[in-house]
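J.: Pasting data.pdb below, which is PDB, C-alpha atoms.
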ATOM      1  CA  MET P1376      16.753   1.680  12.273
ATOM      2  CA  ALA P1377      15.373   1.319  15.769
ATOM      3  CA  ALA P1378      12.432   0.301  17.937
ATOM      4  CA  LEU P1379      10.796   2.243  20.758
ATOM      5  CA  PRO P1380       8.399   1.149  23.511
ATOM      6  CA  LEU P1381       6.545   4.487  23.570
ATOM      7  CA  LYS P1382       6.418   7.948  21.989
ATOM      8  CA  GLY P1383       7.297   6.748  18.514
ATOM      9  CA  LEU P1384       4.966   9.183  16.727
ATOM     10  CA  ALA P1385       7.463  12.030  16.578
ATOM     11  CA  THR P1386       9.909  13.844  14.324
ATOM     12  CA  SER P1387      12.927  13.231  16.590
ATOM     13  CA  LEU P1388      13.591  10.133  18.686
ATOM     14  CA  VAL P1389      16.076   8.812  21.237
ATOM     15  CA  SER P1390      16.442   5.036  21.213
ATOM     16  CA  ASP P1391      18.172   2.378  23.274
ATOM     17  CA  PRO P1392      21.378   1.213  21.499
ATOM     18  CA  LYS P1393      20.238  -2.352  22.197
ATOM     19  CA  LEU P1394      17.203  -1.655  20.019
ATOM     20  CA  MET P1395      19.115  -0.234  17.057
ATOM     21  CA  TRP P1396      20.302  -2.003  13.925
ATOM     22  CA  GLU P1397      22.448  -0.909  11.004
ATOM     23  CA  ILE P1398      20.509  -0.190   7.813
ATOM     24  CA  PRO P1399      21.814  -2.133   4.780
ATOM     25  CA  SER P1400      23.174   0.211   2.131
ATOM     26  CA  MET P1401      20.658  -0.909  -0.505
ATOM     27  CA  TRP P1402      17.610  -0.031   1.632
ATOM     28  CA  SER P1403      15.892   3.342   1.607
ATOM     29  CA  LEU P1404      14.883   4.944   4.900
ATOM     30  CA  GLU P1405      11.244   4.246   4.063
ATOM     31  CA  GLU P1406      12.030   0.565   3.567
ATOM     32  CA  ALA P1407      14.068   0.426   6.767
ATOM     33  CA  SER P1408      11.208   1.918   8.784
ATOM     34  CA  THR P1409       9.014  -1.087   7.941
ATOM     35  CA  VAL P1410      11.376  -3.607   9.519
ATOM     36  CA  PRO P1411      12.057  -3.217  13.279
ATOM     37  CA  MET P1412       8.696  -3.698  15.015
ATOM     38  CA  ALA P1413       7.346  -6.337  12.638
ATOM     39  CA  TYR P1414      10.433  -8.559  12.622
ATOM     40  CA  LEU P1415      11.139  -7.925  16.292
ATOM     41  CA  THR P1416       7.635  -9.201  17.089
ATOM     42  CA  ALA P1417       8.030 -12.177  14.759
ATOM     43  CA  TYR P1418      11.404 -13.260  16.156
ATOM     44  CA  TYR P1419      10.359 -12.747  19.759
ATOM     45  CA  SER P1420       7.077 -14.615  19.307
ATOM     46  CA  LEU P1421       8.288 -17.560  17.239
ATOM     47  CA  MET P1422      11.916 -18.038  18.241
ATOM     48  CA  VAL P1423      12.210 -16.760  21.804
ATOM     49  CA  ARG P1424       8.812 -17.563  23.302
ATOM     50  CA  GLY P1425       7.602 -20.198  20.844
ATOM     51  CA  ARG P1426      10.995 -21.935  20.609
ATOM     52  CA  MET P1427      10.283 -22.806  16.996
ATOM     53  CA  ARG P1428      12.375 -25.681  15.686
ATOM     54  CA  LYS P1429      13.395 -26.644  12.193
ATOM     55  CA  GLY P1430      10.675 -28.430  10.217
ATOM     56  CA  GLU P1431       7.728 -27.666  12.527
ATOM     57  CA  THR P1432       4.262 -26.606  11.363
ATOM     58  CA  VAL P1433       3.031 -23.073  12.021
ATOM     59  CA  LEU P1434      -0.344 -21.342  11.631
ATOM     60  CA  ILE P1435       0.055 -17.587  11.095
ATOM     61  CA  HIS P1436      -3.055 -15.427  11.178
ATOM     62  CA  ALA P1437      -3.349 -12.157   9.219
ATOM     63  CA  GLY P1438      -0.526 -13.289   6.974
ATOM     64  CA  SER P1439      -0.481 -10.199   4.763
ATOM     65  CA  GLY P1440       0.009  -7.751   7.640
ATOM     66  CA  GLY P1441       3.413  -6.499   8.720
ATOM     67  CA  VAL P1442       3.951  -9.072  11.474
ATOM     68  CA  GLY P1443       2.367 -11.774   9.315
ATOM     69  CA  VAL P1444       4.774 -11.255   6.411
ATOM     70  CA  ALA P1445       7.740 -11.111   8.793
ATOM     71  CA  ALA P1446       6.606 -14.265  10.607
ATOM     72  CA  ILE P1447       6.194 -16.205   7.356
ATOM     73  CA  ALA P1448       9.723 -15.216   6.326
ATOM     74  CA  VAL P1449      11.161 -16.324   9.670
ATOM     75  CA  ALA P1450       9.237 -19.623   9.648
ATOM     76  CA  LEU P1451      10.243 -20.474   6.079
ATOM     77  CA  SER P1452      13.881 -19.745   6.928
ATOM     78  CA  MET P1453      13.588 -22.607   9.448
ATOM     79  CA  ASP P1454      12.092 -24.929   6.794
ATOM     80  CA  CYS P1455       8.769 -24.929   8.630
ATOM     81  CA  LYS P1456       5.473 -25.752   6.974
ATOM     82  CA  VAL P1457       3.362 -22.591   7.040
ATOM     83  CA  PHE P1458      -0.392 -22.163   7.015
ATOM     84  CA  ALA P1459      -1.510 -18.547   6.673
ATOM     85  CA  THR P1460      -4.913 -16.922   6.885
ATOM     86  CA  VAL P1461      -5.880 -13.932   4.752
ATOM     87  CA  SER P1462      -9.115 -12.062   4.124
ATOM     88  CA  SER P1463      -9.046 -11.776   0.331
ATOM     89  CA  LYS P1464      -7.827 -13.381  -2.873
ATOM     90  CA  GLU P1465      -5.605 -10.349  -3.539
ATOM     91  CA  LYS P1466      -3.781 -10.815  -0.245
ATOM     92  CA  ARG P1467      -3.247 -14.507  -0.938
ATOM     93  CA  GLU P1468      -1.813 -13.731  -4.374
ATOM     94  CA  PHE P1469       0.450 -11.095  -2.859
ATOM     95  CA  LEU P1470       1.886 -13.629  -0.395
ATOM     96  CA  GLN P1471       2.319 -16.280  -3.078
ATOM     97  CA  LYS P1472       4.269 -13.800  -5.172
ATOM     98  CA  ARG P1473       6.513 -12.905  -2.234
ATOM     99  CA  PHE P1474       6.846 -16.524  -1.045
ATOM    100  CA  PRO P1475       6.618 -18.776  -4.143
ATOM    101  CA  THR P1476       6.803 -21.989  -2.089
ATOM    102  CA  LEU P1477       3.353 -21.311  -0.612
ATOM    103  CA  MET P1478       0.612 -23.139  -2.505
ATOM    104  CA  ASN P1479      -3.156 -22.641  -2.380
ATOM    105  CA  ASP P1480      -3.406 -25.422   0.210
ATOM    106  CA  ASN P1481      -1.331 -23.299   2.585
ATOM    107  CA  PHE P1482      -4.022 -20.613   2.825
ATOM    108  CA  ALA P1483      -7.346 -20.233   4.592
ATOM    109  CA  ASP P1484      -9.943 -17.535   5.196
ATOM    110  CA  SER P1485      -9.160 -15.529   8.330
ATOM    111  CA  ARG P1486     -12.834 -14.563   8.686
ATOM    112  CA  ASP P1487     -14.124 -18.151   8.807
ATOM    113  CA  GLU P1488     -12.892 -20.326  11.671
ATOM    114  CA  ARG P1489     -14.414 -23.426  10.108
ATOM    115  CA  ASP P1490     -12.296 -22.882   7.008
ATOM    116  CA  PHE P1491      -8.910 -22.543   8.697
ATOM    117  CA  GLU P1492      -9.657 -25.422  11.077
ATOM    118  CA  LYS P1493     -10.423 -27.598   8.061
ATOM    119  CA  VAL P1494      -7.285 -26.506   6.174
ATOM    120  CA  VAL P1495      -5.056 -27.241   9.186
ATOM    121  CA  ARG P1496      -6.714 -30.578   9.882
ATOM    122  CA  GLN P1497      -6.325 -31.723   6.278
ATOM    123  CA  GLY P1498      -2.823 -30.307   5.893
ATOM    124  CA  THR P1499      -1.516 -32.074   9.015
ATOM    125  CA  GLN P1500      -3.512 -35.327   8.668
ATOM    126  CA  GLY P1501      -5.463 -34.418  11.783
ATOM    127  CA  ARG P1502      -2.407 -33.841  13.975
ATOM    128  CA  GLY P1503      -2.575 -30.047  14.248
ATOM    129  CA  VAL P1504       0.174 -27.437  14.154
ATOM    130  CA  ASP P1505       3.085 -26.979  16.533
ATOM    131  CA  ILE P1506       2.700 -23.195  16.801
ATOM    132  CA  VAL P1507      -0.168 -20.750  16.325
ATOM    133  CA  LEU P1508       0.696 -17.059  15.954
ATOM    134  CA  ASN P1509      -2.677 -15.568  16.779
ATOM    135  CA  SER P1510      -4.182 -12.115  16.406
ATOM    136  CA  LEU P1511      -7.844 -13.148  16.090
ATOM    137  CA  ALA P1512     -10.403 -12.831  18.869
ATOM    138  CA  LEU P1513     -13.383 -14.531  20.497
ATOM    139  CA  ASP P1514     -14.611 -17.640  18.624
ATOM    140  CA  LYS P1515     -11.717 -17.465  16.182
ATOM    141  CA  LEU P1516      -9.254 -17.551  19.071
ATOM    142  CA  GLN P1517     -10.934 -20.671  20.440
ATOM    143  CA  ALA P1518     -10.857 -22.286  16.994
ATOM    144  CA  SER P1519      -7.166 -21.431  16.690
ATOM    145  CA  ILE P1520      -6.442 -23.203  19.975
ATOM    146  CA  ARG P1521      -8.188 -26.295  18.621
ATOM    147  CA  CYS P1522      -5.717 -26.242  15.722
ATOM    148  CA  LEU P1523      -2.818 -27.011  18.080
ATOM    149  CA  ALA P1524      -1.160 -30.412  18.196
ATOM    150  CA  HIS P1525      -0.143 -32.034  21.472
ATOM    151  CA  TYR P1526       2.689 -30.055  23.100
ATOM    152  CA  GLY P1527       1.845 -27.112  20.846
ATOM    153  CA  ARG P1528       2.571 -23.465  21.662
ATOM    154  CA  PHE P1529      -0.069 -20.770  21.342
ATOM    155  CA  ILE P1530       1.398 -17.287  20.811
ATOM    156  CA  GLU P1531      -1.150 -14.518  21.429
ATOM    157  CA  ILE P1532      -0.161 -11.146  19.960
ATOM    158  CA  GLY P1533      -3.709  -9.771  19.903
ATOM    159  CA  LYS P1534      -4.937  -7.610  22.767
ATOM    160  CA  PHE P1535      -8.728  -7.834  22.598
ATOM    161  CA  ASP P1536      -9.222 -11.011  24.629
ATOM    162  CA  LEU P1537      -6.401 -10.167  27.031
ATOM    163  CA  PHE P1538      -7.812  -6.771  27.960
ATOM    164  CA  ASN P1539     -11.359  -8.149  28.129
ATOM    165  CA  ASN P1540     -10.292 -11.038  30.365
ATOM    166  CA  SER P1541     -12.021 -13.512  28.051
ATOM    167  CA  ASP P1542     -12.550 -17.089  29.212
ATOM    168  CA  LEU P1543     -10.053 -19.600  27.902
ATOM    169  CA  GLY P1544     -11.109 -22.939  29.381
ATOM    170  CA  MET P1545      -8.682 -25.213  31.212
ATOM    171  CA  GLU P1546      -9.517 -28.300  29.161
ATOM    172  CA  ILE P1547      -7.176 -27.182  26.385
ATOM    173  CA  PHE P1548      -4.175 -27.833  28.628
ATOM    174  CA  LEU P1549      -4.937 -31.563  28.647
ATOM    175  CA  LYS P1550      -2.976 -31.569  25.367
ATOM    176  CA  SER P1551       0.078 -30.272  27.267
ATOM    177  CA  ILE P1552       0.058 -27.029  25.314
ATOM    178  CA  THR P1553       1.531 -23.717  26.458
ATOM    179  CA  PHE P1554      -0.096 -20.299  26.084
ATOM    180  CA  HIS P1555       2.060 -17.177  25.681
ATOM    181  CA  GLY P1556       0.821 -13.599  25.881
ATOM    182  CA  ILE P1557       3.101 -11.274  23.908
ATOM    183  CA  LEU P1558       3.486  -7.666  25.073
ATOM    184  CA  ILE P1559       6.272  -6.074  23.057
ATOM    185  CA  ASP P1560       6.141  -2.839  25.071
ATOM    186  CA  SER P1561       7.080  -4.780  28.184
ATOM    187  CA  LEU P1562       9.993  -6.439  26.384
ATOM    188  CA  LEU P1563      11.343  -3.116  25.129
ATOM    189  CA  GLN P1564      11.048  -1.270  28.443
ATOM    190  CA  HIS P1565      12.919  -3.747  30.628
ATOM    191  CA  GLU P1566      16.416  -5.159  30.479
ATOM    192  CA  SER P1567      16.455  -8.925  29.957
ATOM    193  CA  ASP P1568      18.276 -11.759  28.226
ATOM    194  CA  GLU P1569      15.300 -12.056  25.873
ATOM    195  CA  LYS P1570      15.783  -8.474  24.704
ATOM    196  CA  GLU P1571      19.424  -9.223  23.919
ATOM    197  CA  GLN P1572      18.410 -12.403  22.105
ATOM    198  CA  VAL P1573      15.894 -10.566  19.916
ATOM    199  CA  TRP P1574      18.492  -7.926  19.024
ATOM    200  CA  ARG P1575      20.903 -10.659  17.928
ATOM    201  CA  LEU P1576      18.273 -12.576  15.933
ATOM    202  CA  LEU P1577      17.187  -9.488  13.999
ATOM    203  CA  LYS P1578      20.796  -8.535  13.304
ATOM    204  CA  GLU P1579      21.622 -12.016  12.015
ATOM    205  CA  GLY P1580      18.421 -12.125   9.977
ATOM    206  CA  THR P1581      19.290  -8.828   8.298
ATOM    207  CA  LEU P1582      22.788 -10.031   7.416
ATOM    208  CA  SER P1583      21.537 -13.379   6.086
ATOM    209  CA  GLY P1584      18.776 -11.855   3.964
ATOM    210  CA  VAL P1585      15.863 -13.381   5.877
ATOM    211  CA  VAL P1586      14.831  -9.901   6.981
ATOM    212  CA  GLN P1587      13.628  -7.884   4.015
ATOM    213  CA  PRO P1588      11.703  -4.596   3.859
ATOM    214  CA  LEU P1589       7.956  -5.027   3.959
ATOM    215  CA  PRO P1590       5.543  -3.626   1.386
ATOM    216  CA  TYR P1591       4.168  -0.278   2.439
ATOM    217  CA  THR P1592       1.671   2.422   1.599
ATOM    218  CA  ILE P1593       2.912   5.953   2.205
ATOM    219  CA  PHE P1594       0.852   9.020   3.127
ATOM    220  CA  SER P1595       2.031  12.604   3.321
ATOM    221  CA  HIS P1596       2.015  14.364   6.676
ATOM    222  CA  GLU P1597      -1.039  16.305   5.520
ATOM    223  CA  LYS P1598      -3.098  13.100   5.265
ATOM    224  CA  ILE P1599      -2.626  11.556   8.687
ATOM    225  CA  GLU P1600      -6.355  11.048   9.203
ATOM    226  CA  GLU P1601      -6.635   9.268   5.845
ATOM    227  CA  ALA P1602      -3.782   6.983   6.883
ATOM    228  CA  PHE P1603      -5.550   5.968  10.099
ATOM    229  CA  ARG P1604      -8.810   5.408   8.239
ATOM    230  CA  PHE P1605      -7.012   3.267   5.658
ATOM    231  CA  MET P1606      -5.457   1.180   8.418
ATOM    232  CA  ALA P1607      -8.831   0.744  10.118
ATOM    233  CA  SER P1608     -10.359  -0.497   6.856
ATOM    234  CA  GLY P1609      -8.101  -3.574   6.901
ATOM    235  CA  LYS P1610      -7.345  -3.266   3.182
ATOM    236  CA  HIS P1611      -3.628  -2.599   3.465
ATOM    237  CA  MET P1612      -0.801  -5.086   3.049
ATOM    238  CA  GLY P1613       2.391  -4.628   5.019
ATOM    239  CA  LYS P1614       2.972  -1.288   6.723
ATOM    240  CA  ILE P1615       1.527   2.228   6.549
ATOM    241  CA  LEU P1616       4.015   5.116   6.618
ATOM    242  CA  ILE P1617       3.638   8.839   7.299
ATOM    243  CA  GLN P1618       6.194  10.970   5.453
ATOM    244  CA  ILE P1619       7.373  13.760   7.754
ATOM    245  CA  ARG P1620      10.587  14.743   5.969
ATOM    246  CA  ASP P1621      11.093  15.554   2.310
ATOM    247  CA  ALA P1622      13.694  13.926   0.067
ATOM    248  CA  ASP P1623      16.387  16.299   1.365
ATOM    249  CA  GLY P1624      15.663  15.435   4.991
ATOM    250  CA  ASN P1625      13.891  18.688   5.810
ATOM    251  CA  ILE P1626      10.941  18.562   8.179
ATOM    252  CA  SER P1627       7.849  20.033   6.560
ATOM    253  CA  GLU P1628       5.466  22.162   8.574
ATOM    254  CA  ILE P1629       1.833  21.142   8.406
ATOM    255  CA  LYS P1630      -0.245  24.121   7.379
ATOM    256  CA  PRO P1631      -3.978  23.727   7.901
ATOM    257  CA  GLU P1632      -6.364  24.773   5.208
ATOM    258  CA  ASN P1633      -8.330  27.994   5.713
ATOM    259  CA  GLN P1634     -11.019  27.281   8.271
ATOM    260  CA  SER P1635     -13.907  29.398   9.476
ATOM    261  CA  LEU P1636     -15.736  29.527  12.758
ATOM    262  CA  ASP P1637     -19.373  29.820  11.726
ATOM    263  CA  GLN P1638     -21.689  27.635   9.671
ATOM    264  CA  GLY P1639     -21.609  29.879   6.641
ATOM    265  CA  GLY P1640     -17.847  29.731   6.276
ATOM    266  CA  ILE P1641     -17.519  33.434   7.187
ATOM    267  CA  ILE P1642     -16.833  34.909  10.585
ATOM    268  CA  ASN P1643     -18.122  38.336  11.516
ATOM    269  CA  GLU P1644     -14.893  40.132  12.295
ATOM    270  CA  LYS P1645     -16.604  42.898  14.250
ATOM    271  CA  GLN P1646     -17.963  40.353  16.713
ATOM    272  CA  ASP P1647     -14.628  38.577  16.863
ATOM    273  CA  LEU P1648     -12.652  41.731  17.525
ATOM    274  CA  ASN P1649     -15.138  42.879  20.144
ATOM    275  CA  ASN P1650     -14.773  39.535  21.897
ATOM    276  CA  ASN P1651     -11.002  39.807  21.786
ATOM    277  CA  PHE P1652     -10.762  43.303  23.250
ATOM    278  CA  GLY P1653     -13.882  43.515  25.427
ATOM    279  CA  LYS P1654     -16.337  46.394  25.939
ATOM    280  CA  VAL P1655     -15.735  49.471  28.073
ATOM    281  CA  ASP P1656     -18.712  51.798  28.714
ATOM    282  CA  GLY P1657     -20.454  50.586  25.585
ATOM    283  CA  VAL P1658     -17.447  51.358  23.367
ATOM    284  CA  THR P1659     -14.891  48.662  22.558
ATOM    285  CA  GLU P1660     -11.306  49.169  23.576
ATOM    286  CA  PHE P1661     -10.480  48.201  20.028
ATOM    287  CA  GLN P1662     -12.448  51.155  18.669
ATOM    288  CA  GLU P1663     -10.737  53.500  21.099
ATOM    289  CA  GLN P1664      -7.330  52.237  20.030
ATOM    290  CA  ALA P1665      -8.345  52.517  16.372
ATOM    291  CA  GLN P1666      -9.293  56.156  16.873
ATOM    292  CA  GLU P1667      -5.826  56.751  18.324
ATOM    293  CA  GLY P1668      -4.233  55.540  15.094
ATOM    294  CA  ALA P1669      -3.105  52.104  16.299
ATOM    295  CA  THR P1670      -2.141  49.403  13.797
ATOM    296  CA  PHE P1671      -3.339  45.786  14.032
ATOM    297  CA  GLU P1672      -2.544  42.487  12.321
ATOM    298  CA  ILE P1673      -5.509  40.917  10.513
ATOM    299  CA  GLU P1674      -4.995  37.822   8.331
ATOM    300  CA  SER P1675      -1.243  38.399   8.318
ATOM    301  CA  ILE P1676      -1.599  41.850   6.710
ATOM    302  CA  SER P1677      -1.262  45.195   8.419
ATOM    303  CA  ALA P1678      -4.552  47.050   8.781
ATOM    304  CA  ASN P1679      -4.496  50.734   9.743
ATOM    305  CA  SER P1680      -7.024  52.306  12.082
ATOM    306  CA  SER P1681      -9.324  53.626   9.338
ATOM    307  CA  THR P1682      -9.638  50.150   7.798
ATOM    308  CA  VAL P1683     -10.452  48.591  11.152
ATOM    309  CA  ALA P1684     -12.944  51.339  12.004
ATOM    310  CA  ASN P1685     -14.660  50.804   8.656
ATOM    311  CA  ILE P1686     -14.972  47.076   9.389
ATOM    312  CA  LEU P1687     -16.491  47.743  12.792
ATOM    313  CA  GLN P1688     -18.880  50.498  11.737
ATOM    314  CA  ASN P1689     -20.241  48.770   8.644
ATOM    315  CA  ASN P1690     -20.304  45.253  10.041
ATOM    316  CA  ILE P1691     -18.338  43.979   7.038
ATOM    317  CA  PRO P1692     -17.998  40.174   7.140
ATOM    318  CA  ARG P1693     -14.476  38.960   6.480
ATOM    319  CA  GLN P1694     -13.067  35.458   6.310
ATOM    320  CA  ILE P1695     -10.190  34.766   8.688
ATOM    321  CA  HIS P1696      -8.241  31.624   9.612
ATOM    322  CA  ALA P1697      -9.628  29.645  12.520
ATOM    323  CA  ILE P1698      -6.094  28.355  13.059
ATOM    324  CA  ARG P1699      -3.705  31.141  12.160
ATOM    325  CA  ARG P1700      -0.405  29.376  12.734
ATOM    326  CA  THR P1701       1.221  26.004  12.187
ATOM    327  CA  PHE P1702       0.010  23.559  14.801
ATOM    328  CA  PHE P1703       2.737  20.928  14.240
ATOM    329  CA  GLN P1704       6.073  22.167  15.543
ATOM    330  CA  PRO P1705       9.234  20.313  14.403
ATOM    331  CA  SER P1706      10.747  20.524  17.883
ATOM    332  CA  LYS P1707       7.832  18.802  19.629
ATOM    333  CA  SER P1708       6.216  15.367  19.719
ATOM    334  CA  TYR P1709       2.523  14.777  19.085
ATOM    335  CA  VAL P1710      -0.020  12.011  19.570
ATOM    336  CA  VAL P1711      -2.924  12.062  17.117
ATOM    337  CA  ILE P1712      -6.267  11.304  18.782
ATOM    338  CA  GLY P1713      -9.891  11.604  17.766
ATOM    339  CA  GLY P1714     -11.303  12.454  14.382
ATOM    340  CA  LEU P1715     -11.668   8.823  13.336
TER     341      LEU P1715
END
Produce structure tokens that represent the structure in this file.
T.:
Amino acid sequence: MAALPLKGLATSLVSDPKLMWEIPSMWSLEEASTVPMAYLTAYYSLMVRGRMRKGETVLIHAGSGGVGVAAIAVALSMDCKVFATVSSKEKREFLQKRFPTLMNDNFADSRDERDFEKVVRQGTQGRGVDIVLNSLALDKLQASIRCLAHYGRFIEIGKFDLFNNSDLGMEIFLKSITFHGILIDSLLQHESDEKEQVWRLLKEGTLSGVVQPLPYTIFSHEKIEEAFRFMASGKHMGKILIQIRDADGNISEIKPENQSLDQGGIINEKQDLNNNFGKVDGVTEFQEQAQEGATFEIESISANSSTVANILQNNIPRQIHAIRRTFFQPSKSYVVIGGL
């Protein structure tokens, strides 16, 4: 299994050996694919930048997401007290099943800053937490900062406030806190001691059993848009996977459904063929070639000149494919944009 800074949405990848880890024999490839980015982010955020120590208190937002589940596992392995926010009862129950030591008092509503502030205040006797792993924005980010104890560390893995240059307020630093912006792409692209440290932590975590595959929802390659919509809905727990290869390791070609080019679902083939071949002196080149006995490919079947001439003369509507060939090639990489 491996991690990449860019161009990860592909059928073939080349990765840095320093970002590769051996897959345990009992894991499937699907399970292994859920691990690298989530646990890499968790270890880098909590252990490398947050310098988490044994027995500290940690607030982890979006606890049922991939990074959230990984971060809870890492924090509990250090005997830390964990507070996690979730957006539904189902997500809380999922985490309690995966981490039986978490009680109801360890959870708060991620959509209500007053709720998680109250839970942290009561759970720490007003002291606050040592570390916040934050992915919330705007007012919820400010509330999360207020949850920090003196000398606390705020770990920001969200991007909204960073890219929008949101105000932070200098008063918060009177508590001697530190604020860390986490950009995993930057870590992966540059050589550093931190990169080596993360590689070692993830390797040791895999061997010790701290690192475990995350829950996932899998979509076939024909349902990529549905996968993105499902992710945008915020209903998933863990990771979302796109299956490109079949069980035997073969890459499947994506074949689009029959599509038409006009509103009625039928394209007038006479008009289409005229457009393709152009007009010469009021007579299409296509008609001239048809009269000479030429053969043409229409809808992947061979049509002789008399058939084509009949189509043109009688204006017979025929349905053809708007996309007549596979548009995902196994030898190329693609980025899916739009359509959401």
J.: List the residues matched by the PyMOL selection byres ((chain P and resi 1592-1609) around 7) in the displayed structure as a list in words, ordered by chain and then by residue number.
T.: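 Applying the expression gives Tyr1591, Lys1610, His1611, Lys1614, Ile1615, Leu1616, Ile1617, Gln1618, Ile1619, Ile1629 and Leu1715 of chain P.
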J.: Using all atoms listed in the file - which residues lie no farther than 12 Å from the point (1.1, -10.8, 12.3) in the file's frame? Write them as an MDAnalysis selection string.
T.: chainID P and resid 1412:1418 1420:1421 1434:1449 1459:1461 1485 1507:1511 1530:1533 1557 1612:1614
J.: Report as a VMD selection string the full result of the PyMOL selection byres ((chain P and resi 1376-1378) around 6) when it is applied to this structure.
T.: chain P and resid 1379 1394 to 1396 1411
J.: Would you kindly return, as a short mmCIF file (atom, residue, chain, number, x, y, z; two decimals) with C-alpha atoms, in the coordinates of the input, each protein, DNA or RNA residue with an atom no farther than 8 Å from any atom of Trp1574 in chain P, considering all atoms listed in the file and excluding same-chain residues fewer than 2 positions away?
T.:
data_model
loop_
_atom_site.label_atom_id
_atom_site.label_comp_id
_atom_site.auth_asym_id
_atom_site.auth_seq_id
_atom_site.Cartn_x
_atom_site.Cartn_y
_atom_site.Cartn_z
CA LYS P 1393 20.24 -2.35 22.20
CA LEU P 1394 17.20 -1.66 20.02
CA MET P 1395 19.11 -0.23 17.06
CA LEU P 1415 11.14 -7.92 16.29
CA LYS P 1570 15.78 -8.47 24.70
CA GLU P 1571 19.42 -9.22 23.92
CA GLN P 1572 18.41 -12.40 22.10
CA LEU P 1576 18.27 -12.58 15.93
CA LEU P 1577 17.19 -9.49 14.00
CA LYS P 1578 20.80 -8.54 13.30
#
J.: Please provide the set of residues having any atom within 12 Å of Gln1517 in chain P, restricted to only C-alpha atoms, with same-chain residues fewer than 4 positions apart removed, written as a PyMOL selection string.
T.: chain P and resi 1488-1489+1492+1507+1509-1513+1521-1523+1529+1531+1536+1541-1547
J.: What would the file look like if the residues just selected were written as a short mmCIF file (atom, residue, chain, number, x, y, z; two decimals), in the frame of the given file with C-alpha atoms?
T.:
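Generated output (out29.cif):
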data_model
loop_
_atom_site.label_atom_id
_atom_site.label_comp_id
_atom_site.auth_asym_id
_atom_site.auth_seq_id
_atom_site.Cartn_x
_atom_site.Cartn_y
_atom_site.Cartn_z
CA GLU P 1488 -12.89 -20.33 11.67
CA ARG P 1489 -14.41 -23.43 10.11
CA GLU P 1492 -9.66 -25.42 11.08
CA VAL P 1507 -0.17 -20.75 16.32
CA ASN P 1509 -2.68 -15.57 16.78
CA SER P 1510 -4.18 -12.12 16.41
CA LEU P 1511 -7.84 -13.15 16.09
CA ALA P 1512 -10.40 -12.83 18.87
CA LEU P 1513 -13.38 -14.53 20.50
CA ARG P 1521 -8.19 -26.30 18.62
CA CYS P 1522 -5.72 -26.24 15.72
CA LEU P 1523 -2.82 -27.01 18.08
CA PHE P 1529 -0.07 -20.77 21.34
CA GLU P 1531 -1.15 -14.52 21.43
CA ASP P 1536 -9.22 -11.01 24.63
CA SER P 1541 -12.02 -13.51 28.05
CA ASP P 1542 -12.55 -17.09 29.21
CA LEU P 1543 -10.05 -19.60 27.90
CA GLY P 1544 -11.11 -22.94 29.38
CA MET P 1545 -8.68 -25.21 31.21
CA GLU P 1546 -9.52 -28.30 29.16
CA ILE P 1547 -7.18 -27.18 26.38
#
J.: Which neighbours of Gly1430 in chain P fall inside 8 Å, counting all atoms listed in the file, when residues of the same chain fewer than 3 positions from it are skipped, and could you give them as number ranges by chain?
T.: P: 1453-1456
J.: Between CA of Arg1575 in chain P and CA of Val1433 in chain P, what distance in Å does the model show, to one decimal?
T.: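 Answer for the CA of Arg1575 in chain P to CA of Val1433 in chain P separation: 22.5 Å.
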J.: May I have the residues within 9 Å of Leu1558 in chain P as a ChimeraX atom specification, using all atoms listed in the file and disregarding those fewer than 2 positions away in the same chain?
T.: /P:1532,1534,1556,1560-1562
J.: For the selection just defined, write its residues with C-alpha atoms to a file, as a compact mmCIF listing (two decimals), in the frame of the given file.
T.:
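This went into part.txt:
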# COMPACT_ATOMS: atom_id res chain seq x y z
CA ILE P 1532 -0.16 -11.15 19.96
CA LYS P 1534 -4.94 -7.61 22.77
CA GLY P 1556 0.82 -13.60 25.88
CA ASP P 1560 6.14 -2.84 25.07
CA SER P 1561 7.08 -4.78 28.18
CA LEU P 1562 9.99 -6.44 26.38
J.: In Å, rounded to a single decimal, give me how far CA of Ser1463 in chain P is from CA of Ser1408 in chain P.
T.: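 Taking CA of Ser1408 in chain P and CA of Ser1463 in chain P, their separation equals 25.9 Å.
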J.: For CA of Lys1464 in chain P and CA of Thr1432 in chain P, quote the distance in Å rounded to one decimal.
T.: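 Separation between CA of Lys1464 in chain P and CA of Thr1432 in chain P: 22.9 Å.
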J.: Written as a ChimeraX atom specification, what is the full residue list that the PyMOL selection byres ((chain P and resi 1551) around 9) yields on the file shown?
T.: /P:1525-1527,1547-1550,1552-1553
J.: For range 1494-1499 of chain P, work out the shell of residues within 8 Å, counting all atoms listed in the file and skipping chain neighbours fewer than 2 positions away, then give it as number ranges by chain.
T.: P: 1434, 1458, 1480-1483, 1490-1492, 1501-1504, 1522
